[in-house]
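This is final.cif (mmCIF, C-alpha atoms and all ligand atoms).
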data_work
loop_
_atom_site.label_atom_id
_atom_site.label_comp_id
_atom_site.auth_asym_id
_atom_site.auth_seq_id
_atom_site.Cartn_x
_atom_site.Cartn_y
_atom_site.Cartn_z
CA MET N 142 0.00 0.00 0.00
CA LEU N 143 1.34 3.42 -1.03
CA LYS N 144 0.41 6.76 0.43
CA GLY N 145 -0.23 9.81 -1.71
CA GLN N 146 -2.31 12.91 -2.26
CA ILE N 147 -4.94 13.53 -4.90
CA ILE N 148 -3.84 16.49 -7.00
CA SER N 149 -6.52 16.42 -9.66
CA ASN N 150 -9.73 14.70 -10.62
CA ILE N 151 -11.14 14.49 -14.10
CA SER N 152 -14.34 12.47 -14.39
CA ASN N 153 -13.68 9.43 -12.24
CA LEU N 154 -9.90 9.45 -12.67
CA TYR N 155 -7.75 10.72 -9.86
CA GLN N 156 -4.10 11.75 -10.19
CA VAL N 157 -2.41 10.69 -6.98
CA GLU N 158 1.01 12.09 -6.24
CA THR N 159 3.20 9.68 -4.34
CA GLU N 160 6.75 10.12 -3.16
CA ASN N 161 8.33 9.72 -6.56
CA ARG N 162 5.63 9.58 -9.23
CA ILE N 163 2.02 10.22 -10.11
CA ILE N 164 -0.34 7.27 -10.26
CA GLU N 165 -3.66 7.50 -12.05
CA CYS N 166 -6.30 5.89 -9.89
CA THR N 167 -9.94 4.94 -9.81
CA PRO N 168 -11.67 4.49 -6.46
CA ARG N 169 -12.06 0.94 -5.28
CA GLY N 170 -15.65 -0.35 -5.17
CA LYS N 171 -15.82 -0.12 -1.40
CA ILE N 172 -15.10 3.60 -1.60
CA LYS N 173 -17.57 4.17 -4.41
CA GLN N 174 -20.29 2.72 -2.20
CA SER N 175 -19.39 4.68 0.91
CA GLU N 176 -20.74 8.15 1.51
CA ILE N 177 -17.36 9.80 1.21
CA SER N 178 -16.01 10.12 -2.28
CA PRO N 179 -12.44 11.17 -2.88
CA VAL N 180 -11.77 14.85 -3.56
CA VAL N 181 -8.69 16.82 -4.59
CA GLY N 182 -6.49 17.35 -1.55
CA ASP N 183 -7.27 13.99 0.02
CA TYR N 184 -4.43 11.95 1.41
CA VAL N 185 -5.10 8.41 0.28
CA GLU N 186 -3.75 4.90 0.39
CA ILE N 187 -3.47 3.32 -3.01
CA GLU N 188 -2.55 0.04 -4.55
CA VAL N 189 -0.55 0.10 -7.77
CA LEU N 190 -2.10 -2.28 -10.29
CA GLU N 191 -0.09 -1.56 -13.42
CA ASN N 192 3.40 -0.58 -12.46
CA GLU N 193 4.67 0.44 -15.90
CA ASN N 194 1.53 2.38 -16.74
CA ASN N 195 1.34 4.09 -13.36
CA LYS N 196 -2.21 2.97 -12.76
CA GLY N 197 -3.82 1.99 -9.50
CA VAL N 198 -6.81 2.09 -7.18
CA ILE N 199 -7.63 4.23 -4.19
CA CYS N 200 -8.22 1.92 -1.22
CA ASN N 201 -8.65 4.34 1.62
CA ILE N 202 -9.17 8.04 2.26
CA LEU N 203 -7.28 9.34 5.28
CA GLU N 204 -8.84 11.73 7.75
CA ARG N 205 -9.31 15.25 6.40
CA SER N 206 -8.08 18.31 8.25
CA MET N 207 -10.72 20.39 6.46
CA TYR N 208 -13.35 19.99 3.79
CA SER N 209 -14.88 22.61 1.55
CA LYS N 210 -18.03 21.94 -0.46
CA ARG N 211 -17.72 24.74 -2.97
CA PRO N 212 -15.09 24.42 -4.37
CA LYS N 213 -15.01 20.77 -3.48
CA MET N 214 -11.66 19.96 -1.93
CA SER N 215 -9.94 18.97 1.29
CA ASN N 216 -6.87 19.61 3.41
CA LEU N 217 -6.26 23.22 2.47
CA THR N 218 -4.12 24.81 5.14
CA GLN N 219 -4.11 28.42 4.01
CA ILE N 220 -6.03 30.93 1.98
CA ILE N 221 -4.65 34.12 0.47
CA LEU N 222 -7.34 36.76 0.37
CA VAL N 223 -6.41 39.06 -2.45
CA ILE N 224 -7.71 42.60 -2.70
CA SER N 225 -6.45 45.34 -4.97
CA LEU N 226 -5.97 48.97 -4.02
CA LYS N 227 -7.61 50.12 -7.23
CA SER N 228 -9.57 48.65 -10.16
CA PRO N 229 -11.35 47.09 -8.39
CA LYS N 230 -11.17 49.06 -5.16
CA PRO N 231 -10.98 47.12 -1.89
CA ASP N 232 -14.15 45.26 -1.02
CA TYR N 233 -14.03 45.13 2.77
CA LEU N 234 -17.33 43.31 3.12
CA LEU N 235 -16.14 40.48 0.92
CA LEU N 236 -12.79 40.45 2.71
CA ASP N 237 -14.48 40.06 6.08
CA LYS N 238 -16.77 37.33 4.76
CA GLN N 239 -13.75 35.46 3.50
CA LEU N 240 -11.94 35.90 6.80
CA VAL N 241 -14.98 34.55 8.61
CA TYR N 242 -15.07 31.57 6.30
CA ALA N 243 -11.37 30.86 6.79
CA GLU N 244 -11.87 30.91 10.55
CA TYR N 245 -14.85 28.61 10.17
CA LEU N 246 -12.83 26.16 8.08
CA ASN N 247 -9.96 26.52 10.51
CA ILE N 248 -7.41 27.46 7.87
CA LYS N 249 -4.91 30.28 8.04
CA PRO N 250 -5.94 33.44 6.19
CA VAL N 251 -3.39 35.91 4.82
CA ILE N 252 -4.42 39.23 3.30
CA CYS N 253 -2.60 40.23 0.14
CA ILE N 254 -2.94 43.82 -1.03
CA ASN N 255 -2.15 43.77 -4.74
CA LYS N 256 -1.75 46.57 -7.29
CA ILE N 257 0.13 48.70 -4.81
CA ASP N 258 1.55 50.55 -7.84
CA LEU N 259 -1.91 52.02 -8.46
CA GLY N 260 -2.40 52.84 -4.92
CA ASN N 261 -3.47 55.10 -2.36
CA GLU N 262 -0.81 54.86 0.32
CA LYS N 263 -3.22 55.96 3.03
CA GLN N 264 -5.71 53.23 2.28
CA MET N 265 -2.93 50.65 2.24
CA GLN N 266 -1.83 51.77 5.72
CA GLU N 267 -5.41 51.61 6.93
CA ILE N 268 -5.83 48.01 5.80
CA HIS N 269 -2.60 47.07 7.56
CA GLU N 270 -3.72 48.81 10.73
CA ILE N 271 -7.16 47.27 10.93
CA TYR N 272 -6.15 43.72 10.18
CA GLU N 273 -2.69 43.46 11.72
CA LYS N 274 -4.12 44.71 14.98
CA ILE N 275 -6.46 41.72 15.00
CA GLY N 276 -3.54 39.41 14.34
CA TYR N 277 -3.73 38.75 10.61
CA THR N 278 -0.74 38.85 8.29
CA VAL N 279 -1.02 41.50 5.58
CA ILE N 280 1.37 41.60 2.64
CA ASN N 281 1.76 43.96 -0.32
CA THR N 282 2.33 42.97 -3.91
CA ASN N 283 2.53 44.37 -7.38
CA ALA N 284 2.01 41.19 -9.33
CA LYS N 285 2.60 42.90 -12.65
CA GLU N 286 6.12 43.97 -11.73
CA LYS N 287 6.72 41.00 -9.44
CA GLN N 288 7.14 43.08 -6.35
CA GLY N 289 6.55 41.27 -3.07
CA ILE N 290 6.59 37.86 -4.74
CA GLU N 291 9.57 36.58 -2.73
CA ASN N 292 7.74 37.44 0.45
CA LEU N 293 4.60 35.73 -0.82
CA LYS N 294 6.64 32.62 -1.61
CA LYS N 295 7.86 32.44 1.97
CA ILE N 296 4.28 32.48 3.15
CA LEU N 297 3.47 29.58 0.83
CA ASN N 298 6.19 27.37 2.31
CA ASN N 299 4.88 24.06 3.61
CA GLU N 300 1.27 25.04 3.02
CA ILE N 301 -1.52 24.05 0.66
CA THR N 302 -2.84 27.41 -0.38
CA ALA N 303 -5.83 28.67 -2.32
CA PHE N 304 -6.28 32.22 -3.60
CA SER N 305 -9.54 34.03 -3.21
CA GLY N 306 -10.78 37.48 -4.16
CA ASN N 307 -12.95 39.40 -6.58
CA SER N 308 -12.42 39.00 -10.28
CA GLY N 309 -9.76 41.41 -11.52
CA VAL N 310 -7.79 41.80 -8.29
CA GLY N 311 -4.84 39.93 -9.81
CA LYS N 312 -5.07 36.33 -8.59
CA SER N 313 -4.02 34.77 -11.88
CA THR N 314 -1.16 37.21 -12.31
CA LEU N 315 0.05 36.46 -8.79
CA ILE N 316 -0.16 32.71 -9.25
CA ASN N 317 1.54 32.80 -12.63
CA SER N 318 4.36 34.92 -11.23
CA LEU N 319 5.07 32.11 -8.79
CA PHE N 320 5.53 29.63 -11.59
CA LYS N 321 7.59 31.69 -13.98
CA GLU N 322 10.47 32.08 -11.58
CA ASN N 323 10.29 28.38 -11.09
CA LYS N 324 10.82 27.30 -14.62
CA THR N 325 14.12 25.56 -14.08
CA GLU N 326 12.95 23.70 -11.02
CA GLU N 327 12.43 20.00 -11.38
CA GLY N 328 9.02 19.29 -10.02
CA LEU N 329 6.90 16.21 -10.02
CA ILE N 330 4.47 17.89 -12.34
CA SER N 331 5.66 18.09 -15.90
CA LYS N 332 5.82 21.47 -17.59
CA LYS N 333 2.90 20.73 -19.84
CA ASN N 334 0.71 20.33 -16.82
CA GLN N 335 1.60 23.68 -15.41
CA ARG N 336 -1.11 26.13 -14.75
CA GLY N 337 -2.57 27.90 -17.71
CA LYS N 338 -1.93 25.10 -20.14
CA ASN N 339 -4.46 22.83 -18.58
CA THR N 340 -8.08 22.82 -19.61
CA THR N 341 -9.54 21.20 -16.54
CA THR N 342 -12.35 23.04 -14.82
CA SER N 343 -12.01 21.24 -11.51
CA VAL N 344 -9.70 21.98 -8.63
CA THR N 345 -6.05 21.13 -9.25
CA LEU N 346 -3.11 21.20 -6.87
CA TYR N 347 0.10 22.57 -8.36
CA LYS N 348 3.44 21.95 -6.79
CA ILE N 349 5.57 24.99 -6.21
CA GLU N 350 9.01 25.18 -4.62
CA ASN N 351 7.93 24.21 -1.17
CA GLY N 352 4.22 23.73 -1.11
CA TYR N 353 1.09 23.49 -3.20
CA ILE N 354 -1.27 25.93 -4.79
CA ALA N 355 -4.88 24.98 -5.28
CA ASP N 356 -6.23 26.34 -8.51
CA THR N 357 -9.99 26.63 -8.15
CA PRO N 358 -11.41 27.63 -11.52
CA GLY N 359 -14.88 29.04 -11.38
CA PHE N 360 -14.57 29.94 -7.72
CA SER N 361 -13.09 33.35 -7.31
CA THR N 362 -14.33 33.44 -3.73
CA PHE N 363 -15.55 30.99 -1.12
CA SER N 364 -19.10 31.13 0.13
CA VAL N 365 -20.01 31.88 3.76
CA GLU N 366 -23.51 30.54 3.46
CA GLU N 367 -22.83 27.44 5.52
CA ILE N 368 -22.28 29.49 8.66
CA GLU N 369 -25.17 29.92 11.10
CA SER N 370 -25.86 33.54 11.92
CA LYS N 371 -25.82 32.83 15.64
CA ASN N 372 -22.25 31.58 15.40
CA LEU N 373 -20.92 34.49 13.40
CA SER N 374 -19.35 36.39 16.31
CA LYS N 375 -17.04 33.43 16.97
CA TYR N 376 -15.39 34.05 13.63
CA PHE N 377 -14.75 37.74 14.24
CA ILE N 378 -11.71 36.76 16.23
CA GLU N 379 -11.07 40.14 17.86
CA PHE N 380 -14.52 39.99 19.56
CA GLU N 381 -13.56 37.13 21.84
CA LYS N 382 -11.65 39.20 24.37
CA TYR N 383 -14.68 41.39 25.03
CA LEU N 384 -17.49 38.83 25.12
CA ASN N 385 -17.23 38.48 28.90
CA ASN N 386 -18.20 42.13 29.24
CA CYS N 387 -21.63 41.56 27.70
CA GLU N 388 -24.36 41.62 30.33
CA TYR N 389 -26.36 38.84 28.71
CA ALA N 390 -24.84 35.48 27.93
CA ASP N 391 -26.86 35.32 24.72
CA CYS N 392 -26.04 38.91 23.73
CA LYS N 393 -26.30 39.41 19.97
CA HIS N 394 -24.21 42.58 20.13
CA GLU N 395 -26.94 44.43 18.28
CA LYS N 396 -29.38 46.53 20.28
CA GLU N 397 -28.58 45.24 23.77
CA GLU N 398 -27.40 47.55 26.51
CA ASN N 399 -24.16 46.83 28.32
CA CYS N 400 -22.72 44.98 25.39
CA GLY N 401 -18.99 44.36 25.67
CA ILE N 402 -18.54 44.41 21.91
CA LYS N 403 -20.31 47.72 21.40
CA LYS N 404 -18.35 49.18 24.29
CA ALA N 405 -15.09 48.01 22.71
CA VAL N 406 -16.14 49.69 19.45
CA GLU N 407 -16.90 52.95 21.28
CA GLU N 408 -13.54 52.84 22.99
CA GLY N 409 -11.77 52.22 19.71
CA ASN N 410 -10.60 48.72 20.59
CA ILE N 411 -12.67 47.10 17.86
CA SER N 412 -12.79 48.74 14.44
CA LEU N 413 -16.14 50.37 13.73
CA GLY N 414 -15.99 49.18 10.14
CA ARG N 415 -15.46 45.58 11.22
CA TYR N 416 -18.39 45.84 13.65
CA GLU N 417 -20.66 47.31 10.99
CA ARG N 418 -19.74 44.54 8.59
CA TYR N 419 -20.44 42.01 11.34
CA LEU N 420 -23.99 43.37 11.54
CA LYS N 421 -24.35 43.33 7.80
CA ILE N 422 -23.09 39.77 7.33
CA LYS N 423 -25.26 38.62 10.19
CA ALA N 424 -28.35 40.20 8.64
CA GLU N 425 -27.56 38.53 5.33
CA LEU N 426 -27.11 35.12 6.93
CA LYS N 427 -30.33 35.52 8.89
CA ASP N 428 -32.19 36.49 5.80
CA LYS N 429 -30.95 33.37 4.03
CA GLU N 430 -31.92 31.20 6.99
CA GLU N 431 -35.44 32.59 6.98
CA HIS N 432 -35.89 32.03 3.28
CA LYS N 433 -34.36 28.62 3.21
CA TRP N 434 -37.53 26.61 3.07
P1 LIG E 1 -7.97 37.82 -11.44
O1 LIG E 1 -9.32 37.96 -12.09
O2 LIG E 1 -8.07 38.06 -9.98
O3 LIG E 1 -7.31 36.51 -11.76
O4 LIG E 1 -7.07 39.02 -12.01
P2 LIG E 1 -5.95 38.98 -13.15
O5 LIG E 1 -4.72 38.32 -12.66
O6 LIG E 1 -6.55 38.48 -14.40
O7 LIG E 1 -5.60 40.54 -13.28
C1 LIG E 1 -6.56 41.49 -13.75
C2 LIG E 1 -5.82 42.65 -14.42
O8 LIG E 1 -5.03 43.36 -13.47
C3 LIG E 1 -4.86 42.20 -15.49
O9 LIG E 1 -4.94 43.12 -16.56
C4 LIG E 1 -3.49 42.30 -14.83
O10 LIG E 1 -2.44 42.54 -15.73
C5 LIG E 1 -3.68 43.45 -13.89
N1 LIG E 1 -2.81 43.37 -12.69
C6 LIG E 1 -2.61 42.31 -11.90
N2 LIG E 1 -1.77 42.62 -10.88
C7 LIG E 1 -1.45 43.92 -11.03
C8 LIG E 1 -0.65 44.84 -10.27
O11 LIG E 1 -0.06 44.52 -9.24
N3 LIG E 1 -0.59 46.13 -10.74
C9 LIG E 1 -1.25 46.53 -11.85
N4 LIG E 1 -1.13 47.81 -12.23
N5 LIG E 1 -2.01 45.70 -12.58
C10 LIG E 1 -2.13 44.41 -12.18
ZN ZN E 2 -22.70 41.92 23.33
#

Could I get this structure in the form of structure tokens?
Amino acid sequence: MLKGQIISNISNLYQVETENRIIECTPRGKIKQSEISPVVGDYVEIEVLENENNKGVICNILERSMYSKRPKMSNLTQIILVISLKSPKPDYLLLDKQLVYAEYLNIKPVICINKIDLGNEKQMQEIHEIYEKIGYTVINTNAKEKQGIENLKKILNNEITAFSGNSGVGKSTLINSLFKENKTEEGLISKKNQRGKNTTTSVTLYKIENGYIADTPGFSTFSVEEIESKNLSKYFIEFEKYLNNCEYADCKHEKEENCGIKKAVEEGNISLGRYERYLKIKAELKDKEEHKW
């Protein structure tokens, strides 16, 4: 039995990367019948059936550290939330939704401010201030001129990373800039399989120097819809410190008096913008819950 990781899935064929080669696998009958079907990102145990042809079967799916339904994949460890300073201008609401979703999935979010060449220095500083204060990493890039790419690469070390952000913020340019500098590297994935030359529409993991990038075509952003509105405050991580100051244990931090969160906002310890977006996201989630049936 060999261990490997699924790096792509086209119809019912899975490319499984093992220590020294890629084996094309189908799932064994037992797996087909079970409720869990293999997805890209899964660590699996396989049996090689045709050694010369690199073909085999997936016998077992190992426990997942995370699972995302849309896009369907597992074992992501990190998500880079890309915003651009201009064209399009920063979408804070989307950024906060994505941060919430990363917290919910329990993966590490990193904020990447791209197009700093077009930028408004003041706004860039503001983004750093708001989000670094909470504890998030914020990096700057100019993907077009490859500024900040070395720093980005360091962040990708030993992680399986997806990129998320509105269309036009520069995700593809960023990802491609990671590969170009890599051209001479010998990877497990042959050059012809490198990003951009592949027509697959499903999630694919690409090996980079010291980690993997998940290309998620068709999903520029992840969806927060799975989160219950009543749990939202848990995922605004800077709220936690102040929850004990709420008078009511079930405080919604909306209209209540003696709310620790609202007090922290008044005192400038929680960003007003973040709090307002909390209310907005909560209202949206509630609305969805009420119209579900
Ligand atoms: P995506 O939709 O997020 O994948 O965005 P793209 O990577 O396709 O980039 C959208 C446009 O922005 C393209 O015309 C890029 O050349 C341009 N672009 C990307 N990064 C930068 C940057 O850092 N600075 C500038 N000025 N333009 C950029
Ligand atoms: Zn409260």

Return as AutoDock Vina command-line options the box centre and box size in Å, one decimal, for an axis-aligned box around all listed atoms of ligand LIG 1 (chain E) padded by 8 Å per side.
--center_x -4.7 --center_y 42.2 --center_z -12.9 --size_x 25.3 --size_y 27.3 --size_z 23.3

Taking only residues of stretch 271-329 of chain N that have an atom at most 12 Å from an atom of stretch 414-417 of chain N, what is each one's shortest atom pair and its distance in Å to one decimal, using only C-alpha atoms, in chain and number order, as CSV?
residue,atom,partner,partner_atom,distance
N:Ile271,CA,N:Arg415,CA,8.5
N:Tyr272,CA,N:Arg415,CA,9.6
N:Lys274,CA,N:Arg415,CA,12.0
N:Ile275,CA,N:Arg415,CA,10.5

Grab me every residue within 12 Å of ligand LIG 1 (chain E), counting all atoms listed in the file, and send it over as a ChimeraX atom specification.
-> /N:221-230,253-260,281-290,304-318,337,356-362

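The gap separating atom CA of N:Ile147 from atom CA of N:Asp183 is 5.5 Å, in Å to one decimal.
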
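Shortest atom-to-atom contact with N:Gln156 among N:Ile268, N:Leu346, N:Leu373, N:Ile422: N:Leu346, counting all atoms listed in the file.
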
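Compared by their closest atoms to N:Lys371, and using only C-alpha atoms, the residues N:Glu188, N:Glu397, N:Glu267, N:Glu425 rank with N:Glu425 nearest.
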
Check which residues of chain N sit at most 6 Å from ligand ZN 2 (chain E) using all atoms listed in the file, and return one row each with the closest pair of atoms and their distance in Å to one decimal, ordered by chain and rising number, as CSV.
residue,atom,partner,partner_atom,distance
N:Cys387,CA,E:ZN2,ZN,4.5
N:Cys392,CA,E:ZN2,ZN,4.5
N:Lys393,CA,E:ZN2,ZN,5.5
N:His394,CA,E:ZN2,ZN,3.6
N:Cys400,CA,E:ZN2,ZN,3.7
N:Gly401,CA,E:ZN2,ZN,5.0
N:Ile402,CA,E:ZN2,ZN,5.1

Go ahead and write the residues just picked, C-alpha atoms, as a PDB file, in the coordinates of the input.
ATOM      1  CA  CYS N 387     -21.630  41.560  27.700  1.00  0.00           C
ATOM      2  CA  CYS N 392     -26.040  38.910  23.730  1.00  0.00           C
ATOM      3  CA  LYS N 393     -26.300  39.410  19.970  1.00  0.00           C
ATOM      4  CA  HIS N 394     -24.210  42.580  20.130  1.00  0.00           C
ATOM      5  CA  CYS N 400     -22.720  44.980  25.390  1.00  0.00           C
ATOM      6  CA  GLY N 401     -18.990  44.360  25.670  1.00  0.00           C
ATOM      7  CA  ILE N 402     -18.540  44.410  21.910  1.00  0.00           C
TER       8      ILE N 402
END

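For N:Val251, the set of protein, DNA and RNA residues having any atom at most 9 Å away, when counting all atoms listed in the file and skipping those fewer than 5 positions along the same chain, is Gln219, Ile220, Ile221, Leu222, Val223, Leu240, Tyr277, Thr278, Val279, Ile280 and Ile296 of chain N.
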
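Atom CA of N:Ile148 sits 8.2 Å away from atom CA of N:Val344.
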